[in-house]
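Dumped start.pdb below, it's PDB, C-alpha atoms:
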ATOM      1  CA  MET A   1       0.000   0.000   0.000
ATOM      2  CA  ASP A   2       2.894   2.357   0.805
ATOM      3  CA  GLY A   3       4.290   1.743  -2.644
ATOM      4  CA  VAL A   4       0.965   2.451  -4.298
ATOM      5  CA  GLY A   5       0.486   5.560  -2.163
ATOM      6  CA  GLY A   6       3.964   6.772  -2.998
ATOM      7  CA  ARG A   7       3.373   6.347  -6.722
ATOM      8  CA  GLY A   8       0.076   8.198  -6.425
ATOM      9  CA  TRP A   9       1.762  11.085  -4.608
ATOM     10  CA  ARG A  10       4.506  11.322  -7.230
ATOM     11  CA  LEU A  11       1.941  11.213 -10.017
ATOM     12  CA  ARG A  12      -0.014  14.066  -8.456
ATOM     13  CA  ARG A  13       3.173  16.121  -8.016
ATOM     14  CA  SER A  14       4.016  15.528 -11.661
ATOM     15  CA  ARG A  15       0.552  16.597 -12.822
ATOM     16  CA  VAL A  16       0.672  19.744 -10.711
ATOM     17  CA  ALA A  17       4.139  20.615 -12.020
ATOM     18  CA  VAL A  18       2.970  20.198 -15.621
ATOM     19  CA  SER A  19      -0.084  22.382 -15.007
ATOM     20  CA  LEU A  20       2.002  25.110 -13.367
ATOM     21  CA  ALA A  21       4.562  25.028 -16.200
ATOM     22  CA  ARG A  22       1.820  25.323 -18.836
ATOM     23  CA  HIS A  23       0.385  28.359 -17.095
ATOM     24  CA  ALA A  24       3.800  29.986 -16.791
ATOM     25  CA  VAL A  25       4.513  30.073 -20.545
ATOM     26  CA  ALA A  26       1.162  31.696 -21.328
ATOM     27  CA  GLY A  27       1.799  35.242 -22.462
ATOM     28  CA  ILE A  28       5.375  34.813 -23.687
ATOM     29  CA  VAL A  29       5.469  36.929 -26.831
ATOM     30  CA  PRO A  30       7.991  38.207 -29.383
ATOM     31  CA  GLY A  31      10.365  40.539 -27.608
ATOM     32  CA  ASP A  32      10.781  38.171 -24.646
ATOM     33  CA  HIS A  33      14.127  36.473 -23.945
ATOM     34  CA  VAL A  34      13.335  33.881 -21.302
ATOM     35  CA  CYS A  35      15.486  31.782 -19.021
ATOM     36  CA  ALA A  36      13.315  28.739 -18.284
ATOM     37  CA  SER A  37      14.609  26.337 -15.653
ATOM     38  CA  PHE A  38      12.940  22.999 -15.015
ATOM     39  CA  GLY A  39      13.501  19.970 -12.837
ATOM     40  CA  SER A  40      11.816  17.136 -14.745
ATOM     41  CA  ASP A  41      11.153  15.898 -18.274
ATOM     42  CA  GLU A  42       7.440  16.518 -17.745
ATOM     43  CA  GLU A  43       8.047  20.168 -16.904
ATOM     44  CA  GLN A  44      10.231  20.572 -19.999
ATOM     45  CA  GLN A  45       7.539  19.014 -22.167
ATOM     46  CA  ALA A  46       4.913  21.425 -20.808
ATOM     47  CA  ILE A  47       7.175  24.427 -21.409
ATOM     48  CA  VAL A  48       8.147  23.446 -24.947
ATOM     49  CA  SER A  49       4.745  22.283 -26.146
ATOM     50  CA  GLY A  50       2.816  25.212 -24.663
ATOM     51  CA  TYR A  51       5.275  27.728 -26.065
ATOM     52  CA  ALA A  52       5.248  26.101 -29.517
ATOM     53  CA  ARG A  53       1.460  25.923 -29.652
ATOM     54  CA  GLN A  54       1.162  29.658 -28.961
ATOM     55  CA  ALA A  55       3.737  30.512 -31.610
ATOM     56  CA  LEU A  56       2.148  28.355 -34.293
ATOM     57  CA  ARG A  57      -1.341  29.680 -33.592
ATOM     58  CA  ARG A  58      -0.061  33.232 -34.029
ATOM     59  CA  GLY A  59       1.420  32.355 -37.413
ATOM     60  CA  GLU A  60       5.048  32.432 -36.255
ATOM     61  CA  ARG A  61       7.900  30.092 -37.137
ATOM     62  CA  PHE A  62       9.009  27.720 -34.362
ATOM     63  CA  LEU A  63      12.724  26.856 -34.352
ATOM     64  CA  TYR A  64      14.045  24.313 -31.865
ATOM     65  CA  PHE A  65      17.737  23.850 -31.079
ATOM     66  CA  ALA A  66      18.208  20.404 -29.554
ATOM     67  CA  HIS A  67      21.199  19.122 -27.624
ATOM     68  CA  ALA A  68      20.404  16.686 -24.807
ATOM     69  CA  SER A  69      17.126  15.583 -26.437
ATOM     70  CA  ASP A  70      16.925  13.670 -29.681
ATOM     71  CA  ASP A  71      14.627  14.784 -32.481
ATOM     72  CA  ALA A  72      12.118  12.035 -31.714
ATOM     73  CA  ARG A  73      11.589  13.347 -28.191
ATOM     74  CA  ILE A  74      10.910  16.878 -29.398
ATOM     75  CA  ARG A  75       8.503  15.636 -32.039
ATOM     76  CA  THR A  76       6.680  13.632 -29.368
ATOM     77  CA  TYR A  77       6.428  16.691 -27.122
ATOM     78  CA  LEU A  78       4.758  18.625 -29.925
ATOM     79  CA  GLU A  79       2.527  15.789 -31.103
ATOM     80  CA  LEU A  80       1.173  15.231 -27.596
ATOM     81  CA  GLU A  81       0.056  18.863 -27.730
ATOM     82  CA  GLY A  82      -1.962  18.071 -30.859
ATOM     83  CA  ILE A  83       0.500  19.767 -33.215
ATOM     84  CA  ASP A  84       0.787  18.298 -36.709
ATOM     85  CA  VAL A  85       4.572  18.129 -36.757
ATOM     86  CA  GLU A  86       4.885  16.602 -40.225
ATOM     87  CA  ALA A  87       2.782  19.354 -41.753
ATOM     88  CA  GLY A  88       4.730  22.020 -39.897
ATOM     89  CA  LEU A  89       8.049  20.617 -41.000
ATOM     90  CA  GLY A  90       6.788  20.276 -44.553
ATOM     91  CA  VAL A  91       5.886  23.941 -44.948
ATOM     92  CA  GLY A  92       8.819  25.226 -42.906
ATOM     93  CA  GLN A  93       6.846  26.594 -39.965
ATOM     94  CA  ILE A  94       8.562  24.104 -37.652
ATOM     95  CA  GLU A  95      12.290  23.407 -37.737
ATOM     96  CA  ILE A  96      14.366  21.201 -35.436
ATOM     97  CA  ARG A  97      18.149  21.545 -35.538
ATOM     98  CA  ARG A  98      21.029  19.947 -33.706
ATOM     99  CA  ILE A  99      23.337  22.401 -31.958
ATOM    100  CA  ASP A 100      26.742  22.633 -33.615
ATOM    101  CA  HIS A 101      29.685  21.875 -31.287
ATOM    102  CA  ASP A 102      32.471  22.106 -33.851
ATOM    103  CA  ARG A 103      33.515  25.697 -33.162
ATOM    104  CA  ASP A 104      37.075  26.121 -31.919
ATOM    105  CA  ARG A 105      35.714  28.557 -29.356
ATOM    106  CA  ILE A 106      32.443  30.175 -28.408
ATOM    107  CA  ASP A 107      32.012  33.365 -30.411
ATOM    108  CA  PRO A 108      29.028  35.334 -29.019
ATOM    109  CA  GLU A 109      28.900  37.755 -31.950
ATOM    110  CA  ALA A 110      28.935  34.950 -34.527
ATOM    111  CA  MET A 111      26.099  33.199 -32.658
ATOM    112  CA  ILE A 112      24.097  36.426 -32.542
ATOM    113  CA  ALA A 113      24.659  36.995 -36.264
ATOM    114  CA  ALA A 114      23.352  33.495 -37.002
ATOM    115  CA  LEU A 115      20.234  34.155 -34.914
ATOM    116  CA  GLU A 116      19.692  37.419 -36.779
ATOM    117  CA  ARG A 117      19.810  35.534 -40.077
ATOM    118  CA  ASP A 118      17.184  33.110 -38.810
ATOM    119  CA  ARG A 119      14.994  36.010 -37.691
ATOM    120  CA  ARG A 120      15.226  37.745 -41.051
ATOM    121  CA  ALA A 121      14.584  34.478 -42.897
ATOM    122  CA  ALA A 122      11.369  33.884 -40.927
ATOM    123  CA  LEU A 123      10.097  37.360 -41.769
ATOM    124  CA  HIS A 124      11.114  36.957 -45.431
ATOM    125  CA  ASP A 125       9.177  33.681 -45.595
ATOM    126  CA  GLY A 126       6.005  35.439 -44.471
ATOM    127  CA  TYR A 127       5.921  34.597 -40.770
ATOM    128  CA  SER A 128       5.081  37.356 -38.323
ATOM    129  CA  ALA A 129       7.900  36.409 -35.970
ATOM    130  CA  LEU A 130      10.443  33.748 -35.046
ATOM    131  CA  CYS A 131      10.046  31.814 -31.798
ATOM    132  CA  VAL A 132      13.169  29.955 -30.706
ATOM    133  CA  ALA A 133      13.621  27.315 -28.011
ATOM    134  CA  ALA A 134      17.147  26.171 -27.196
ATOM    135  CA  GLU A 135      18.501  23.496 -24.882
ATOM    136  CA  MET A 136      21.377  25.110 -23.015
ATOM    137  CA  SER A 137      22.985  21.847 -21.915
ATOM    138  CA  TRP A 138      25.551  22.451 -24.669
ATOM    139  CA  ALA A 139      27.125  25.080 -22.400
ATOM    140  CA  LEU A 140      28.226  22.301 -20.048
ATOM    141  CA  THR A 141      30.511  20.897 -22.750
ATOM    142  CA  ARG A 142      32.622  24.085 -22.534
ATOM    143  CA  PRO A 143      33.175  24.677 -18.795
ATOM    144  CA  ALA A 144      36.273  26.779 -19.470
ATOM    145  CA  GLU A 145      34.193  29.142 -21.630
ATOM    146  CA  ARG A 146      31.378  29.797 -19.171
ATOM    147  CA  ASP A 147      32.138  33.526 -19.254
ATOM    148  CA  ALA A 148      31.647  33.550 -23.026
ATOM    149  CA  VAL A 149      28.226  31.918 -22.635
ATOM    150  CA  VAL A 150      27.243  34.579 -20.089
ATOM    151  CA  ARG A 151      28.444  37.301 -22.487
ATOM    152  CA  TYR A 152      26.335  35.755 -25.248
ATOM    153  CA  GLU A 153      23.210  35.619 -23.089
ATOM    154  CA  ARG A 154      23.659  39.281 -22.178
ATOM    155  CA  ALA A 155      24.555  40.529 -25.653
ATOM    156  CA  VAL A 156      21.756  38.646 -27.437
ATOM    157  CA  ASN A 157      19.173  40.731 -25.557
ATOM    158  CA  ARG A 158      19.613  43.414 -28.231
ATOM    159  CA  VAL A 159      18.184  41.049 -30.858
ATOM    160  CA  PHE A 160      14.936  40.693 -28.919
ATOM    161  CA  ALA A 161      14.443  44.458 -28.847
ATOM    162  CA  ALA A 162      13.110  44.083 -32.410
ATOM    163  CA  ALA A 163       9.936  42.499 -30.938
ATOM    164  CA  ASP A 164       9.650  40.050 -33.826
ATOM    165  CA  ILE A 165      11.575  37.253 -32.127
ATOM    166  CA  ALA A 166      11.065  35.372 -28.864
ATOM    167  CA  GLY A 167      13.457  32.974 -27.229
ATOM    168  CA  ILE A 168      13.370  30.407 -24.431
ATOM    169  CA  CYS A 169      16.729  29.233 -23.131
ATOM    170  CA  GLN A 170      16.082  25.934 -21.371
ATOM    171  CA  TYR A 171      18.174  25.133 -18.297
ATOM    172  CA  ASP A 172      17.810  21.713 -16.705
ATOM    173  CA  ARG A 173      18.420  22.169 -12.980
ATOM    174  CA  ARG A 174      19.442  18.519 -12.735
ATOM    175  CA  LEU A 175      22.515  19.325 -14.844
ATOM    176  CA  PHE A 176      23.570  22.856 -13.875
ATOM    177  CA  SER A 177      25.159  23.798 -10.580
ATOM    178  CA  ALA A 178      23.383  26.500  -8.585
ATOM    179  CA  ASP A 179      26.281  28.909  -9.122
ATOM    180  CA  ALA A 180      26.402  28.390 -12.893
ATOM    181  CA  PHE A 181      22.651  28.710 -13.237
ATOM    182  CA  GLU A 182      22.548  31.896 -11.156
ATOM    183  CA  ARG A 183      25.096  33.604 -13.435
ATOM    184  CA  LEU A 184      23.445  32.469 -16.655
ATOM    185  CA  GLY A 185      19.913  33.180 -15.471
ATOM    186  CA  ALA A 186      20.797  36.712 -14.401
ATOM    187  CA  ALA A 187      21.607  37.575 -18.027
ATOM    188  CA  HIS A 188      17.882  37.368 -18.883
ATOM    189  CA  GLU A 189      15.196  39.984 -18.225
ATOM    190  CA  PHE A 190      12.613  37.201 -17.961
ATOM    191  CA  GLN A 191      13.305  34.299 -15.609
ATOM    192  CA  LEU A 192      10.933  31.367 -15.308
ATOM    193  CA  CYS A 193      11.391  28.623 -12.720
ATOM    194  CA  THR A 194       8.991  25.670 -12.660
ATOM    195  CA  GLY A 195       8.448  23.146  -9.904
ATOM    196  CA  PRO A 196       5.923  20.702  -8.425
ATOM    197  CA  GLN A 197       4.522  23.155  -5.860
ATOM    198  CA  LEU A 198       5.504  26.615  -7.046
ATOM    199  CA  THR A 199       6.296  28.307 -10.351
ATOM    200  CA  THR A 200       7.867  31.752 -10.403
ATOM    201  CA  ALA A 201       8.035  34.064 -13.413
ATOM    202  CA  ALA A 202      10.040  37.269 -13.027
ATOM    203  CA  ARG A 203       9.453  39.395 -16.124
ATOM    204  CA  ARG A 204      11.384  42.610 -15.789
ATOM    205  CA  ARG A 205       9.696  44.542 -12.949
ATOM    206  CA  LEU A 206       6.845  42.120 -12.180
ATOM    207  CA  THR A 207       7.124  38.726 -10.512
ATOM    208  CA  ILE A 208       4.214  36.278 -10.668
ATOM    209  CA  SER A 209       4.271  33.231  -8.406
ATOM    210  CA  GLU A 210       1.682  30.484  -8.795
ATOM    211  CA  HIS A 211       1.245  28.012  -5.969
ATOM    212  CA  ASP A 212      -0.189  24.528  -6.003
ATOM    213  CA  GLY A 213      -3.904  25.153  -5.570
ATOM    214  CA  GLY A 214      -4.126  28.053  -8.005
ATOM    215  CA  VAL A 215      -3.193  30.960  -5.731
ATOM    216  CA  ILE A 216      -1.336  33.746  -7.546
ATOM    217  CA  ALA A 217       1.051  36.150  -5.808
ATOM    218  CA  LEU A 218       2.231  39.405  -7.399
ATOM    219  CA  SER A 219       5.251  41.475  -6.426
ATOM    220  CA  GLY A 220       7.139  44.402  -7.931
ATOM    221  CA  ALA A 221       5.493  46.747 -10.426
ATOM    222  CA  LEU A 222       2.185  46.121 -12.190
ATOM    223  CA  ASP A 223       2.281  48.601 -15.048
ATOM    224  CA  ILE A 224       1.776  48.985 -18.780
ATOM    225  CA  ASP A 225       4.829  46.822 -19.483
ATOM    226  CA  SER A 226       3.570  43.882 -17.432
ATOM    227  CA  SER A 227      -0.210  44.109 -17.692
ATOM    228  CA  ALA A 228      -0.524  42.076 -20.902
ATOM    229  CA  TYR A 229       1.552  39.235 -19.456
ATOM    230  CA  LEU A 230      -0.523  39.224 -16.275
ATOM    231  CA  ALA A 231      -3.735  39.194 -18.319
ATOM    232  CA  ALA A 232      -2.515  36.176 -20.303
ATOM    233  CA  ARG A 233      -1.518  34.352 -17.127
ATOM    234  CA  LEU A 234      -4.875  34.945 -15.447
ATOM    235  CA  ALA A 235      -6.796  33.931 -18.584
ATOM    236  CA  VAL A 236      -5.549  30.327 -18.413
ATOM    237  CA  LEU A 237      -6.577  29.779 -14.794
ATOM    238  CA  ASP A 238      -9.843  27.924 -15.218
ATOM    239  CA  GLY A 239     -11.928  26.266 -12.523
ATOM    240  CA  ASP A 240     -15.085  26.786 -10.499
ATOM    241  CA  ASP A 241     -13.735  28.651  -7.481
ATOM    242  CA  ASP A 242     -12.833  32.291  -7.052
ATOM    243  CA  LEU A 243      -9.426  33.325  -8.378
ATOM    244  CA  VAL A 244      -7.236  34.338  -5.435
ATOM    245  CA  VAL A 245      -4.486  36.909  -6.037
ATOM    246  CA  LEU A 246      -2.082  38.041  -3.310
ATOM    247  CA  THR A 247      -0.969  41.613  -3.965
ATOM    248  CA  SER A 248       0.877  42.762  -0.839
ATOM    249  CA  GLY A 249       4.187  42.581  -2.704
ATOM    250  CA  LEU A 250       3.234  45.238  -5.249
ATOM    251  CA  GLY A 251       5.129  48.495  -4.840
ATOM    252  CA  PHE A 252       3.754  50.252  -7.905
ATOM    253  CA  VAL A 253       0.482  49.939  -9.835
ATOM    254  CA  ASP A 254      -0.880  51.970 -12.738
ATOM    255  CA  ILE A 255      -4.249  52.022 -14.475
ATOM    256  CA  SER A 256      -3.258  49.436 -17.094
ATOM    257  CA  GLY A 257      -2.376  46.960 -14.360
ATOM    258  CA  CYS A 258      -5.690  47.534 -12.593
ATOM    259  CA  ARG A 259      -7.524  47.183 -15.886
ATOM    260  CA  ALA A 260      -5.898  43.770 -16.408
ATOM    261  CA  LEU A 261      -7.279  42.593 -13.060
ATOM    262  CA  VAL A 262     -10.757  43.981 -13.773
ATOM    263  CA  ARG A 263     -10.935  42.420 -17.230
ATOM    264  CA  ALA A 264      -9.733  39.090 -15.852
ATOM    265  CA  ALA A 265     -12.530  39.227 -13.281
ATOM    266  CA  GLU A 266     -15.129  40.066 -15.941
ATOM    267  CA  ALA A 267     -13.960  37.146 -18.089
ATOM    268  CA  LEU A 268     -14.457  34.566 -15.337
ATOM    269  CA  GLY A 269     -17.373  32.179 -15.461
ATOM    270  CA  ARG A 270     -20.664  32.994 -13.826
ATOM    271  CA  GLY A 271     -20.415  33.250 -10.052
ATOM    272  CA  ARG A 272     -16.613  33.532  -9.957
ATOM    273  CA  ARG A 273     -14.703  36.559  -8.721
ATOM    274  CA  VAL A 274     -11.121  37.746  -8.443
ATOM    275  CA  VAL A 275     -10.315  37.909  -4.729
ATOM    276  CA  LEU A 276      -7.481  40.315  -3.932
ATOM    277  CA  LEU A 277      -5.874  39.381  -0.613
ATOM    278  CA  ASP A 278      -3.548  41.613   1.414
ATOM    279  CA  VAL A 279      -4.295  44.409  -1.027
ATOM    280  CA  ALA A 280      -1.301  46.669  -1.579
ATOM    281  CA  ALA A 281      -1.895  50.365  -0.883
ATOM    282  CA  PRO A 282      -0.903  51.466  -4.440
ATOM    283  CA  LEU A 283      -3.438  49.032  -5.879
ATOM    284  CA  VAL A 284      -6.229  50.282  -3.597
ATOM    285  CA  ARG A 285      -5.543  53.895  -4.556
ATOM    286  CA  VAL A 286      -5.767  53.264  -8.302
ATOM    287  CA  LEU A 287      -8.833  51.022  -8.009
ATOM    288  CA  GLU A 288     -10.618  53.691  -6.000
ATOM    289  CA  LEU A 289      -9.540  56.437  -8.376
ATOM    290  CA  CYS A 290     -10.972  54.511 -11.329
ATOM    291  CA  GLY A 291     -14.162  53.503  -9.516
ATOM    292  CA  TRP A 292     -13.309  49.795  -9.608
ATOM    293  CA  SER A 293     -12.871  49.107  -5.909
ATOM    294  CA  LYS A 294     -16.583  48.192  -5.636
ATOM    295  CA  HIS A 295     -16.704  46.171  -8.844
ATOM    296  CA  GLU A 296     -19.083  43.241  -8.443
ATOM    297  CA  ARG A 297     -16.519  40.742  -9.770
ATOM    298  CA  LEU A 298     -13.715  42.009  -7.503
ATOM    299  CA  LEU A 299     -13.421  41.357  -3.779
ATOM    300  CA  LEU A 300     -10.791  43.288  -1.827
ATOM    301  CA  CYS A 301      -9.700  41.649   1.422
TER     302      CYS A 301
END
Show me this structure written as structure tokens.
Amino acid sequence: MDGVGGRGWRLRRSRVAVSLARHAVAGIVPGDHVCASFGSDEEQQAIVSGYARQALRRGERFLYFAHASDDARIRTYLELEGIDVEAGLGVGQIEIRRIDHDRDRIDPEAMIAALERDRRAALHDGYSALCVAAEMSWALTRPAERDAVVRYERAVNRVFAAADIAGICQYDRRLFSADAFERLGAAHEFQLCTGPQLTTAARRRLTISEHDGGVIALSGALDIDSSAYLAARLAVLDGDDDLVVLTSGLGFVDISGCRALVRAAEALGRGRRVVLLDVAAPLVRVLELCGWSKHERLLLC
């Protein structure tokens, strides 16, 4: 019985982790350069498949750079999401490449130039943007050149300023040391960390944490830069109960951020509300100023 119970517990943890990872990639759009760290194959599958599905639905090209995974695994990830991989490969909307390890040394500028060529090629071929996912395990094959990898991750941010390319750099926490991951992750403006009980997404000035059970916690600044991402995150949280959002960590809120919360509340099913717990003072002020503090689909606690 203990063995059966243990398997059931692990299965539940796995399902929760997959659900949290799927929610976390919602709202990643061209212009985002994301460091996504995961701790299981199931979490990686949820990240990759959810990200690819969004890109393909928007009419973007999806380019996958594989290293630790073989092509068959990536195809399976996408197929389990209901993606017609053969059709995508046939028309060029999906491409899977193996990462080249033959360079004498890591050249950040040469790597950036290659990514720029891929971005321009996607636009030339009629796609609205290029969405890239790369397995960063290749960096472990060059431990003496770790500084060059960090320089690349920092310098490549300028490519994403064009807002017609998105990128997810995948870091497997089972492979990277905490010190190495901290340095590499810090080079990204968008850091996503998935897990079986908590997923944290720090996108520039706003951090969104989702706990097992569907509770969302916000910290930092909820403004025009972050409101669209928050709206996308809240939109995927289905269920029958009220949507609970902890806001005590917010230090700044503007009208666009409040509007995202109000619209999320209005989009919920009949009888559901957005419950704002530990409401931050900046949020209260803007809600009152806009006349939303008494909204029937919002409950301030």
Test item: the PyMOL selection byres ((chain A and resi 85-92) around 9) resolved as a count of residues only: 15
CA of Met111 in chain A to CA of Ala187 in chain A, straight-line distance in Å: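 CA of Ala187 in chain A sits 15.9 Å away from CA of Met111 in chain A.
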Which of A:Glu182, A:Asp278, A:Asp241, A:Glu296 sits closest to Leu218 in chain A [using only C-alpha atoms]: A:Asp278
Selected residue of minimal separation from Asp240 in chain A among A:Arg183, A:Ile255, A:Asp212, A:Arg270, counting all atoms listed in the file: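 The closest residue to Asp240 in chain A is A:Arg270.
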Residue nearest Arg57 in chain A - candidates A:Arg73, A:Tyr127, A:Glu109, A:Gly31, atoms counted: only C-alpha atoms: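 Of all the options, A:Tyr127 lies closest to Arg57 in chain A.
Selection result for the displayed file, with the PyMOL selection byres ((chain A and resi 281) around 10) as criterion, is Thr247, Ser248, Leu250, Gly251, Phe252, Val253, Asp278, Val279, Ala280, Pro282, Leu283, Val284, Arg285, Val286 and Leu287 of chain A.
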Can you spit out the residues from that selection as a tab-separated table (two decimals), in the coordinates of the input, using C-alpha atoms?
chain	number	residue	atom	x	y	z
A	247	THR	CA	-0.97	41.61	-3.96
A	248	SER	CA	0.88	42.76	-0.84
A	250	LEU	CA	3.23	45.24	-5.25
A	251	GLY	CA	5.13	48.50	-4.84
A	252	PHE	CA	3.75	50.25	-7.90
A	253	VAL	CA	0.48	49.94	-9.84
A	278	ASP	CA	-3.55	41.61	1.41
A	279	VAL	CA	-4.30	44.41	-1.03
A	280	ALA	CA	-1.30	46.67	-1.58
A	282	PRO	CA	-0.90	51.47	-4.44
A	283	LEU	CA	-3.44	49.03	-5.88
A	284	VAL	CA	-6.23	50.28	-3.60
A	285	ARG	CA	-5.54	53.90	-4.56
A	286	VAL	CA	-5.77	53.26	-8.30
A	287	LEU	CA	-8.83	51.02	-8.01
Output of the PyMOL selection byres ((chain A and resi 276) around 9), listed as a PyMOL selection string: chain A and resi 243-247+274-275+277-279+298-301
Could the centre and edge lengths of an axis-aligned box, enclosing all atoms of range 210-229 of chain A in the file with 5 Å extra on each side, be given in Å to one decimal as JSON?
{"center_x": 1.5, "center_y": 36.8, "center_z": -13.2, "size_x": 21.3, "size_y": 34.5, "size_z": 25.3}
Residue neighbourhood Ile168 in chain A, 6 Å, all atoms listed in the file, exclusion window fewer than 5 positions, as a ChimeraX atom specification: /A:34-35,133
Between CA of Asp238 in chain A and CA of Arg272 in chain A - distance in Å to one decimal: 10.2 Å
Selection near range 171-175 of chain A, 6 Å with all atoms listed in the file, sequence-local residues under 3 positions removed, as number ranges by chain: A: 37-39, 136
Selection: 10 Å around range 15-22 of chain A, all atoms listed in the file, excl. self and same-chain fewer than 2 positions, as a ChimeraX atom specification: /A:9-13,24-26,36,38-51,192-200,209-214,233,236-237
Near-Phe160 in chain A list (8 Å; all atoms listed in the file; drop same-chain fewer than 3 positions) as a ChimeraX atom specification: /A:30-33,156-157,163-166
Among the residues A:Cys131, A:Leu184, A:Ile112, A:Ala139, the one that comes closest to Val159 in chain A [using only C-alpha atoms]: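 Of A:Cys131, A:Leu184, A:Ile112, A:Ala139, the one nearest Val159 in chain A, counting only C-alpha atoms, is A:Ile112.
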